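data-v4.pdb (PDB, C-alpha atoms)
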ATOM      1  CA  MET A  27      20.366   3.420 159.563  1.00  0.00           C
ATOM      2  CA  GLN A  28      23.709   4.967 158.709  1.00  0.00           C
ATOM      3  CA  ILE A  29      26.312   3.446 156.397  1.00  0.00           C
ATOM      4  CA  ARG A  30      28.742   3.041 159.259  1.00  0.00           C
ATOM      5  CA  ASP A  31      26.146   0.972 161.158  1.00  0.00           C
ATOM      6  CA  VAL A  32      25.851  -1.458 158.253  1.00  0.00           C
ATOM      7  CA  PHE A  33      29.399  -1.621 156.934  1.00  0.00           C
ATOM      8  CA  GLY A  34      31.472  -0.495 159.893  1.00  0.00           C
ATOM      9  CA  LEU A  35      34.348   1.958 159.758  1.00  0.00           C
ATOM     10  CA  MET A  36      36.239   0.037 157.045  1.00  0.00           C
ATOM     11  CA  GLY A  37      33.153   0.110 154.837  1.00  0.00           C
ATOM     12  CA  VAL A  38      32.883   3.879 155.177  1.00  0.00           C
ATOM     13  CA  VAL A  39      36.593   4.255 154.366  1.00  0.00           C
ATOM     14  CA  ALA A  40      36.168   2.042 151.272  1.00  0.00           C
ATOM     15  CA  VAL A  41      33.148   4.066 150.130  1.00  0.00           C
ATOM     16  CA  VAL A  42      34.984   7.363 150.581  1.00  0.00           C
ATOM     17  CA  LEU A  43      38.187   6.163 148.879  1.00  0.00           C
ATOM     18  CA  THR A  44      36.339   4.710 145.877  1.00  0.00           C
ATOM     19  CA  GLY A  45      34.156   7.786 145.482  1.00  0.00           C
ATOM     20  CA  CYS A  46      30.848   5.939 145.759  1.00  0.00           C
ATOM     21  CA  GLN A  47      27.782   8.101 146.208  1.00  0.00           C
ATOM     22  CA  LEU A  48      25.673   6.227 148.764  1.00  0.00           C
ATOM     23  CA  SER A  49      22.910   7.803 150.781  1.00  0.00           C
ATOM     24  CA  GLY A  50      23.020   7.528 154.554  1.00  0.00           C
ATOM     25  CA  ASP A  51      19.990   5.259 154.633  1.00  0.00           C
ATOM     26  CA  TYR A  52      21.350   2.628 152.204  1.00  0.00           C
ATOM     27  CA  VAL A  53      20.466  -0.908 153.284  1.00  0.00           C
ATOM     28  CA  PRO A  54      22.040  -3.857 151.466  1.00  0.00           C
ATOM     29  CA  PHE A  55      19.585  -6.315 149.895  1.00  0.00           C
ATOM     30  CA  GLU A  56      20.408  -8.998 152.482  1.00  0.00           C
ATOM     31  CA  LEU A  57      19.342  -6.702 155.317  1.00  0.00           C
ATOM     32  CA  GLY A  58      16.248  -5.275 153.644  1.00  0.00           C
ATOM     33  CA  PRO A  59      12.723  -6.648 153.762  1.00  0.00           C
ATOM     34  CA  PRO A  60      12.204 -10.001 152.028  1.00  0.00           C
ATOM     35  CA  PRO A  61      11.187  -9.781 148.374  1.00  0.00           C
ATOM     36  CA  LYS A  62       7.503 -10.039 147.559  1.00  0.00           C
ATOM     37  CA  LYS A  63       6.293 -13.376 146.239  1.00  0.00           C
ATOM     38  CA  SER A  64       5.782 -13.379 142.509  1.00  0.00           C
ATOM     39  CA  ARG A  65       2.437 -13.910 140.862  1.00  0.00           C
ATOM     40  CA  ALA A  66       3.760 -17.093 139.212  1.00  0.00           C
ATOM     41  CA  ALA A  67       4.849 -18.499 142.582  1.00  0.00           C
ATOM     42  CA  GLU A  68       1.407 -17.840 144.038  1.00  0.00           C
ATOM     43  CA  GLU A  69      -0.273 -19.500 141.048  1.00  0.00           C
ATOM     44  CA  SER A  70       2.012 -22.519 141.411  1.00  0.00           C
ATOM     45  CA  ARG A  71       1.136 -22.879 145.101  1.00  0.00           C
ATOM     46  CA  ARG A  72      -2.579 -22.756 144.260  1.00  0.00           C
ATOM     47  CA  GLU A  73      -2.122 -25.399 141.577  1.00  0.00           C
ATOM     48  CA  TYR A  74      -0.172 -27.687 143.948  1.00  0.00           C
ATOM     49  CA  ARG A  75      -2.975 -27.413 146.511  1.00  0.00           C
ATOM     50  CA  ARG A  76      -5.538 -28.190 143.808  1.00  0.00           C
ATOM     51  CA  MET A  77      -3.611 -31.296 142.753  1.00  0.00           C
ATOM     52  CA  GLY A  78      -3.970 -32.696 146.250  1.00  0.00           C
ATOM     53  CA  PRO A  79      -1.588 -34.909 148.182  1.00  0.00           C
ATOM     54  CA  ILE A  80       1.342 -36.485 146.377  1.00  0.00           C
ATOM     55  CA  PRO A  81       0.324 -39.903 145.043  1.00  0.00           C
ATOM     56  CA  LYS A  82       2.363 -42.939 146.006  1.00  0.00           C
ATOM     57  CA  PRO A  83       5.017 -43.735 143.418  1.00  0.00           C
ATOM     58  CA  ASP A  84       4.652 -46.859 141.325  1.00  0.00           C
ATOM     59  CA  PRO A  85       7.120 -49.491 142.621  1.00  0.00           C
ATOM     60  CA  ARG A  86       8.468 -49.922 139.072  1.00  0.00           C
ATOM     61  CA  ALA A  87       9.783 -46.340 139.020  1.00  0.00           C
ATOM     62  CA  GLU A  88      13.018 -47.063 140.830  1.00  0.00           C
ATOM     63  CA  ALA A  89      13.817 -50.011 138.558  1.00  0.00           C
ATOM     64  CA  LEU A  90      12.920 -48.228 135.308  1.00  0.00           C
ATOM     65  CA  TRP A  91      14.825 -44.999 135.982  1.00  0.00           C
ATOM     66  CA  GLY A  92      18.562 -45.527 135.556  1.00  0.00           C
ATOM     67  CA  ALA A  93      21.565 -43.235 135.771  1.00  0.00           C
ATOM     68  CA  ASP A  94      23.805 -44.699 133.046  1.00  0.00           C
ATOM     69  CA  LEU A  95      23.248 -43.291 129.560  1.00  0.00           C
ATOM     70  CA  ARG A  96      25.528 -45.846 127.876  1.00  0.00           C
ATOM     71  CA  GLU A  97      23.535 -48.761 129.303  1.00  0.00           C
ATOM     72  CA  ALA A  98      20.246 -47.116 128.338  1.00  0.00           C
ATOM     73  CA  LEU A  99      21.435 -46.562 124.752  1.00  0.00           C
ATOM     74  CA  ALA A 100      22.523 -50.205 124.503  1.00  0.00           C
ATOM     75  CA  ARG A 101      19.112 -51.383 125.785  1.00  0.00           C
ATOM     76  CA  ALA A 102      17.368 -48.965 123.406  1.00  0.00           C
ATOM     77  CA  GLN A 103      19.214 -50.453 120.422  1.00  0.00           C
ATOM     78  CA  ILE A 104      18.326 -54.003 121.473  1.00  0.00           C
ATOM     79  CA  ASN A 105      14.670 -53.221 122.281  1.00  0.00           C
ATOM     80  CA  GLY A 106      13.962 -50.674 119.512  1.00  0.00           C
ATOM     81  CA  LYS A 107      13.196 -47.845 121.968  1.00  0.00           C
ATOM     82  CA  ARG A 108      14.128 -44.214 122.449  1.00  0.00           C
ATOM     83  CA  VAL A 109      15.810 -42.739 125.527  1.00  0.00           C
ATOM     84  CA  LEU A 110      14.346 -40.046 127.775  1.00  0.00           C
ATOM     85  CA  LEU A 111      17.315 -38.211 129.279  1.00  0.00           C
ATOM     86  CA  ASP A 112      16.181 -36.065 132.212  1.00  0.00           C
ATOM     87  CA  PHE A 113      18.583 -33.508 133.709  1.00  0.00           C
ATOM     88  CA  THR A 114      17.065 -32.713 137.073  1.00  0.00           C
ATOM     89  CA  ARG A 115      17.690 -31.217 140.508  1.00  0.00           C
ATOM     90  CA  SER A 116      16.301 -33.190 143.408  1.00  0.00           C
ATOM     91  CA  ASP A 117      16.541 -30.094 145.625  1.00  0.00           C
ATOM     92  CA  SER A 118      14.162 -28.057 143.424  1.00  0.00           C
ATOM     93  CA  GLY A 119      10.504 -27.804 144.401  1.00  0.00           C
ATOM     94  CA  TYR A 120       9.218 -27.550 140.835  1.00  0.00           C
ATOM     95  CA  VAL A 121      11.285 -30.524 139.697  1.00  0.00           C
ATOM     96  CA  ASN A 122      10.082 -32.613 142.623  1.00  0.00           C
ATOM     97  CA  VAL A 123       6.452 -31.861 141.783  1.00  0.00           C
ATOM     98  CA  ARG A 124       7.046 -32.980 138.206  1.00  0.00           C
ATOM     99  CA  TRP A 125       8.823 -36.077 139.458  1.00  0.00           C
ATOM    100  CA  ASP A 126       6.253 -37.000 142.121  1.00  0.00           C
ATOM    101  CA  TYR A 127       3.106 -36.365 140.084  1.00  0.00           C
ATOM    102  CA  PHE A 128       4.274 -37.567 136.688  1.00  0.00           C
ATOM    103  CA  TYR A 129       7.521 -39.512 136.248  1.00  0.00           C
ATOM    104  CA  THR A 130       6.856 -42.028 139.033  1.00  0.00           C
ATOM    105  CA  GLN A 131       3.200 -42.716 138.219  1.00  0.00           C
ATOM    106  CA  SER A 132       1.814 -45.845 136.555  1.00  0.00           C
ATOM    107  CA  LYS A 133       0.363 -44.170 133.424  1.00  0.00           C
ATOM    108  CA  PHE A 134       3.734 -42.700 132.499  1.00  0.00           C
ATOM    109  CA  LEU A 135       5.628 -45.863 133.433  1.00  0.00           C
ATOM    110  CA  ASP A 136       3.266 -48.013 131.319  1.00  0.00           C
ATOM    111  CA  LEU A 137       4.188 -45.907 128.289  1.00  0.00           C
ATOM    112  CA  ALA A 138       7.867 -45.862 129.230  1.00  0.00           C
ATOM    113  CA  GLU A 139       8.045 -49.658 129.486  1.00  0.00           C
ATOM    114  CA  GLN A 140       6.812 -49.919 125.895  1.00  0.00           C
ATOM    115  CA  LYS A 141       8.627 -47.015 124.226  1.00  0.00           C
ATOM    116  CA  LEU A 142      11.418 -45.540 126.375  1.00  0.00           C
ATOM    117  CA  GLU A 143      14.561 -46.196 128.335  1.00  0.00           C
ATOM    118  CA  LEU A 144      14.715 -43.718 131.226  1.00  0.00           C
ATOM    119  CA  VAL A 145      17.858 -41.925 132.431  1.00  0.00           C
ATOM    120  CA  LYS A 146      17.910 -39.445 135.314  1.00  0.00           C
ATOM    121  CA  VAL A 147      20.921 -37.132 135.705  1.00  0.00           C
ATOM    122  CA  ASP A 148      20.553 -35.447 139.103  1.00  0.00           C
ATOM    123  CA  SER A 149      22.651 -32.392 139.923  1.00  0.00           C
ATOM    124  CA  GLY A 150      20.997 -31.446 143.208  1.00  0.00           C
ATOM    125  CA  ARG A 151      23.089 -30.588 146.237  1.00  0.00           C
ATOM    126  CA  ASP A 152      21.905 -33.711 148.045  1.00  0.00           C
ATOM    127  CA  SER A 153      22.753 -36.025 145.147  1.00  0.00           C
ATOM    128  CA  ASN A 154      26.502 -35.244 145.052  1.00  0.00           C
ATOM    129  CA  PRO A 155      26.718 -35.063 141.239  1.00  0.00           C
ATOM    130  CA  SER A 156      29.329 -37.346 139.700  1.00  0.00           C
ATOM    131  CA  SER A 157      31.902 -36.260 137.159  1.00  0.00           C
ATOM    132  CA  GLU A 158      29.948 -38.348 134.621  1.00  0.00           C
ATOM    133  CA  SER A 159      26.785 -36.298 135.181  1.00  0.00           C
ATOM    134  CA  LYS A 160      28.790 -33.079 134.871  1.00  0.00           C
ATOM    135  CA  LYS A 161      30.277 -34.319 131.587  1.00  0.00           C
ATOM    136  CA  LEU A 162      26.808 -35.203 130.279  1.00  0.00           C
ATOM    137  CA  ALA A 163      25.466 -31.772 131.209  1.00  0.00           C
ATOM    138  CA  GLU A 164      28.391 -30.144 129.398  1.00  0.00           C
ATOM    139  CA  LEU A 165      27.995 -32.414 126.355  1.00  0.00           C
ATOM    140  CA  PHE A 166      24.290 -31.552 126.016  1.00  0.00           C
ATOM    141  CA  GLY A 167      24.809 -27.857 126.841  1.00  0.00           C
ATOM    142  CA  VAL A 168      22.654 -28.009 129.956  1.00  0.00           C
ATOM    143  CA  ILE A 169      23.024 -24.954 132.158  1.00  0.00           C
ATOM    144  CA  SER A 170      19.803 -24.942 134.162  1.00  0.00           C
ATOM    145  CA  ARG A 171      17.462 -27.691 135.229  1.00  0.00           C
ATOM    146  CA  PRO A 172      15.050 -29.252 134.503  1.00  0.00           C
ATOM    147  CA  ARG A 173      16.016 -30.096 130.925  1.00  0.00           C
ATOM    148  CA  TYR A 174      15.125 -33.245 129.090  1.00  0.00           C
ATOM    149  CA  PHE A 175      15.891 -34.787 125.739  1.00  0.00           C
ATOM    150  CA  ILE A 176      14.478 -37.644 123.705  1.00  0.00           C
ATOM    151  CA  LEU A 177      17.338 -39.537 122.064  1.00  0.00           C
ATOM    152  CA  ASN A 178      17.278 -42.168 119.363  1.00  0.00           C
ATOM    153  CA  ALA A 179      19.057 -45.477 119.982  1.00  0.00           C
ATOM    154  CA  GLU A 180      22.282 -44.051 118.511  1.00  0.00           C
ATOM    155  CA  GLY A 181      22.277 -41.114 120.941  1.00  0.00           C
ATOM    156  CA  GLY A 182      21.094 -38.436 118.508  1.00  0.00           C
ATOM    157  CA  ILE A 183      18.685 -35.813 119.815  1.00  0.00           C
ATOM    158  CA  VAL A 184      15.176 -36.357 118.459  1.00  0.00           C
ATOM    159  CA  TRP A 185      13.465 -33.782 120.663  1.00  0.00           C
TER     160      TRP A 185
END
Please express what this file holds, its structure, as structure tokens.
Amino acid sequence: MQIRDVFGLMGVVAVVLTGCQLSGDYVPFELGPPPKKSRAAEESRREYRRMGPIPKPDPRAEALWGADLREALARAQINGKRVLLDFTRSDSGYVNVRWDYFYTQSKFLDLAEQKLELVKVDSGRDSNPSSESKKLAELFGVISRPRYFILNAEGGIVW
């Protein structure tokens, strides 16, 4: 494949004028073969298969997980609890596995009812993140997801 076939005449002109040294068989990444799957990705797929089908979520999950940190901190002060602040992405496979197999299950929710107020800050494409969630992510220095914090009732980071 020649450069002119990939980039067209304007691409060749740009390459010549900028002095780039490209071989005639250069293929941009987007047009090349797909990247090989990583070893970690393969191990994750095996582990997901081993875990079996996704268990049904506990009906309490929707009620216990809130989106308002201020409300959760107020409830934590009244009830003597800590706050689990979870920055997540609902469009991420790994995050969804964690959510489906752990955060919505009865064993976790039993503990959470006794000790935690739960706050989920979702920045996935499907969730249409609010300006409040963007401000929270900036305040806590969150760049990538998932990230989670345990806060005391005053909002200080414990873990």
Excluding Thr130 in chain A and its own-chain neighbours fewer than 2 positions away, which residues fall within 10 Å of it when counting only C-alpha atoms? Please give them as an mmCIF file with C-alpha atoms, in the coordinates of the input.
data_model
loop_
_atom_site.group_PDB
_atom_site.id
_atom_site.type_symbol
_atom_site.label_atom_id
_atom_site.label_comp_id
_atom_site.auth_asym_id
_atom_site.auth_seq_id
_atom_site.Cartn_x
_atom_site.Cartn_y
_atom_site.Cartn_z
ATOM 1 C CA PRO A 81 0.324 -39.903 145.043
ATOM 2 C CA LYS A 82 2.363 -42.939 146.006
ATOM 3 C CA PRO A 83 5.017 -43.735 143.418
ATOM 4 C CA ASP A 84 4.652 -46.859 141.325
ATOM 5 C CA PRO A 85 7.120 -49.491 142.621
ATOM 6 C CA ARG A 86 8.468 -49.922 139.072
ATOM 7 C CA ALA A 87 9.783 -46.340 139.020
ATOM 8 C CA GLU A 88 13.018 -47.063 140.830
ATOM 9 C CA LEU A 90 12.920 -48.228 135.308
ATOM 10 C CA TRP A 91 14.825 -44.999 135.982
ATOM 11 C CA ARG A 124 7.046 -32.980 138.206
ATOM 12 C CA TRP A 125 8.823 -36.077 139.458
ATOM 13 C CA ASP A 126 6.253 -37.000 142.121
ATOM 14 C CA TYR A 127 3.106 -36.365 140.084
ATOM 15 C CA PHE A 128 4.274 -37.567 136.688
ATOM 16 C CA SER A 132 1.814 -45.845 136.555
ATOM 17 C CA LYS A 133 0.363 -44.170 133.424
ATOM 18 C CA PHE A 134 3.734 -42.700 132.499
ATOM 19 C CA LEU A 135 5.628 -45.863 133.433
#
Can you pull out every residue within 12 Å of Gln103 in chain A, counting only C-alpha atoms, but drop anything in the same chain fewer than 2 positions away, and send it as a VMD selection string? chain A and resid 96 to 101 105 to 109 141 to 143 177 to 181
Atoms to include: C-alpha atoms. Write the selected residues as a PDB file, in the frame of the given file.
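File produced: part_27.pdb:
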ATOM      1  CA  ARG A  96      25.528 -45.846 127.876  1.00  0.00           C
ATOM      2  CA  GLU A  97      23.535 -48.761 129.303  1.00  0.00           C
ATOM      3  CA  ALA A  98      20.246 -47.116 128.338  1.00  0.00           C
ATOM      4  CA  LEU A  99      21.435 -46.562 124.752  1.00  0.00           C
ATOM      5  CA  ALA A 100      22.523 -50.205 124.503  1.00  0.00           C
ATOM      6  CA  ARG A 101      19.112 -51.383 125.785  1.00  0.00           C
ATOM      7  CA  ASN A 105      14.670 -53.221 122.281  1.00  0.00           C
ATOM      8  CA  GLY A 106      13.962 -50.674 119.512  1.00  0.00           C
ATOM      9  CA  LYS A 107      13.196 -47.845 121.968  1.00  0.00           C
ATOM     10  CA  ARG A 108      14.128 -44.214 122.449  1.00  0.00           C
ATOM     11  CA  VAL A 109      15.810 -42.739 125.527  1.00  0.00           C
ATOM     12  CA  LYS A 141       8.627 -47.015 124.226  1.00  0.00           C
ATOM     13  CA  LEU A 142      11.418 -45.540 126.375  1.00  0.00           C
ATOM     14  CA  GLU A 143      14.561 -46.196 128.335  1.00  0.00           C
ATOM     15  CA  LEU A 177      17.338 -39.537 122.064  1.00  0.00           C
ATOM     16  CA  ASN A 178      17.278 -42.168 119.363  1.00  0.00           C
ATOM     17  CA  ALA A 179      19.057 -45.477 119.982  1.00  0.00           C
ATOM     18  CA  GLU A 180      22.282 -44.051 118.511  1.00  0.00           C
ATOM     19  CA  GLY A 181      22.277 -41.114 120.941  1.00  0.00           C
TER      20      GLY A 181
END
To one decimal place in Å, what is the distance between CA of Lys146 in chain A and CA of Ala102 in chain A?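 CA of Ala102 in chain A lies 15.3 Å from CA of Lys146 in chain A.
Nearest-residue note for Ile80 in chain A: choosing from A:Phe175, A:Asn122, A:Lys160, A:Ile183, the minimum distance belongs to A:Asn122, counting only C-alpha atoms.
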Between A:Tyr174, A:Phe166, A:Tyr74, A:Trp185, smallest distance to Thr114 in chain A by only C-alpha atoms belongs to A:Tyr174
Nearest-residue call for Ser118 in chain A, choices A:Arg72, A:Ser149, A:Ile104, A:Met77, using all atoms listed in the file: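 Ranked by minimum distance to Ser118 in chain A, first place goes to A:Ser149.
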N, CA and C atoms are what I want for range 114-131 of chain A; can you complete it accordingly and write them as a PDB file, in the frame of the given file?
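So the final result, stored in selection-v1.pdb, reads:
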ATOM      1  N   THR A 114      17.953 -33.166 136.008  1.00  0.00           N
ATOM      2  CA  THR A 114      17.065 -32.713 137.073  1.00  0.00           C
ATOM      3  C   THR A 114      17.850 -32.214 138.272  1.00  0.00           C
ATOM      4  N   ARG A 115      17.124 -31.645 139.218  1.00  0.00           N
ATOM      5  CA  ARG A 115      17.690 -31.217 140.508  1.00  0.00           C
ATOM      6  C   ARG A 115      16.741 -31.691 141.593  1.00  0.00           C
ATOM      7  N   SER A 116      17.177 -32.642 142.374  1.00  0.00           N
ATOM      8  CA  SER A 116      16.301 -33.190 143.408  1.00  0.00           C
ATOM      9  C   SER A 116      16.026 -32.187 144.523  1.00  0.00           C
ATOM     10  N   ASP A 117      16.774 -31.092 144.582  1.00  0.00           N
ATOM     11  CA  ASP A 117      16.541 -30.094 145.625  1.00  0.00           C
ATOM     12  C   ASP A 117      15.674 -28.934 145.133  1.00  0.00           C
ATOM     13  N   SER A 118      15.031 -29.097 143.976  1.00  0.00           N
ATOM     14  CA  SER A 118      14.162 -28.057 143.424  1.00  0.00           C
ATOM     15  C   SER A 118      12.705 -28.437 143.618  1.00  0.00           C
ATOM     16  N   GLY A 119      11.913 -27.526 144.160  1.00  0.00           N
ATOM     17  CA  GLY A 119      10.504 -27.804 144.401  1.00  0.00           C
ATOM     18  C   GLY A 119       9.736 -28.129 143.139  1.00  0.00           C
ATOM     19  N   TYR A 120       9.934 -27.314 142.089  1.00  0.00           N
ATOM     20  CA  TYR A 120       9.218 -27.550 140.835  1.00  0.00           C
ATOM     21  C   TYR A 120       9.571 -28.918 140.257  1.00  0.00           C
ATOM     22  N   VAL A 121      10.846 -29.248 140.254  1.00  0.00           N
ATOM     23  CA  VAL A 121      11.285 -30.524 139.697  1.00  0.00           C
ATOM     24  C   VAL A 121      10.693 -31.675 140.492  1.00  0.00           C
ATOM     25  N   ASN A 122      10.641 -31.544 141.804  1.00  0.00           N
ATOM     26  CA  ASN A 122      10.082 -32.613 142.623  1.00  0.00           C
ATOM     27  C   ASN A 122       8.602 -32.806 142.355  1.00  0.00           C
ATOM     28  N   VAL A 123       7.876 -31.732 142.112  1.00  0.00           N
ATOM     29  CA  VAL A 123       6.452 -31.861 141.783  1.00  0.00           C
ATOM     30  C   VAL A 123       6.309 -32.641 140.486  1.00  0.00           C
ATOM     31  N   ARG A 124       7.084 -32.273 139.490  1.00  0.00           N
ATOM     32  CA  ARG A 124       7.046 -32.980 138.206  1.00  0.00           C
ATOM     33  C   ARG A 124       7.388 -34.454 138.397  1.00  0.00           C
ATOM     34  N   TRP A 125       8.389 -34.707 139.207  1.00  0.00           N
ATOM     35  CA  TRP A 125       8.823 -36.077 139.458  1.00  0.00           C
ATOM     36  C   TRP A 125       7.736 -36.861 140.196  1.00  0.00           C
ATOM     37  N   ASP A 126       7.222 -36.295 141.274  1.00  0.00           N
ATOM     38  CA  ASP A 126       6.253 -37.000 142.121  1.00  0.00           C
ATOM     39  C   ASP A 126       4.913 -37.235 141.437  1.00  0.00           C
ATOM     40  N   TYR A 127       4.438 -36.261 140.681  1.00  0.00           N
ATOM     41  CA  TYR A 127       3.106 -36.365 140.084  1.00  0.00           C
ATOM     42  C   TYR A 127       3.118 -36.982 138.688  1.00  0.00           C
ATOM     43  N   PHE A 128       4.263 -37.114 138.073  1.00  0.00           N
ATOM     44  CA  PHE A 128       4.274 -37.567 136.688  1.00  0.00           C
ATOM     45  C   PHE A 128       5.223 -38.740 136.455  1.00  0.00           C
ATOM     46  N   TYR A 129       6.518 -38.524 136.643  1.00  0.00           N
ATOM     47  CA  TYR A 129       7.521 -39.512 136.248  1.00  0.00           C
ATOM     48  C   TYR A 129       7.506 -40.796 137.069  1.00  0.00           C
ATOM     49  N   THR A 130       6.892 -40.808 138.216  1.00  0.00           N
ATOM     50  CA  THR A 130       6.856 -42.028 139.033  1.00  0.00           C
ATOM     51  C   THR A 130       5.476 -42.671 139.061  1.00  0.00           C
ATOM     52  N   GLN A 131       4.581 -42.216 138.205  1.00  0.00           N
ATOM     53  CA  GLN A 131       3.200 -42.716 138.219  1.00  0.00           C
ATOM     54  C   GLN A 131       2.981 -43.784 137.143  1.00  0.00           C
TER      55      GLN A 131
END
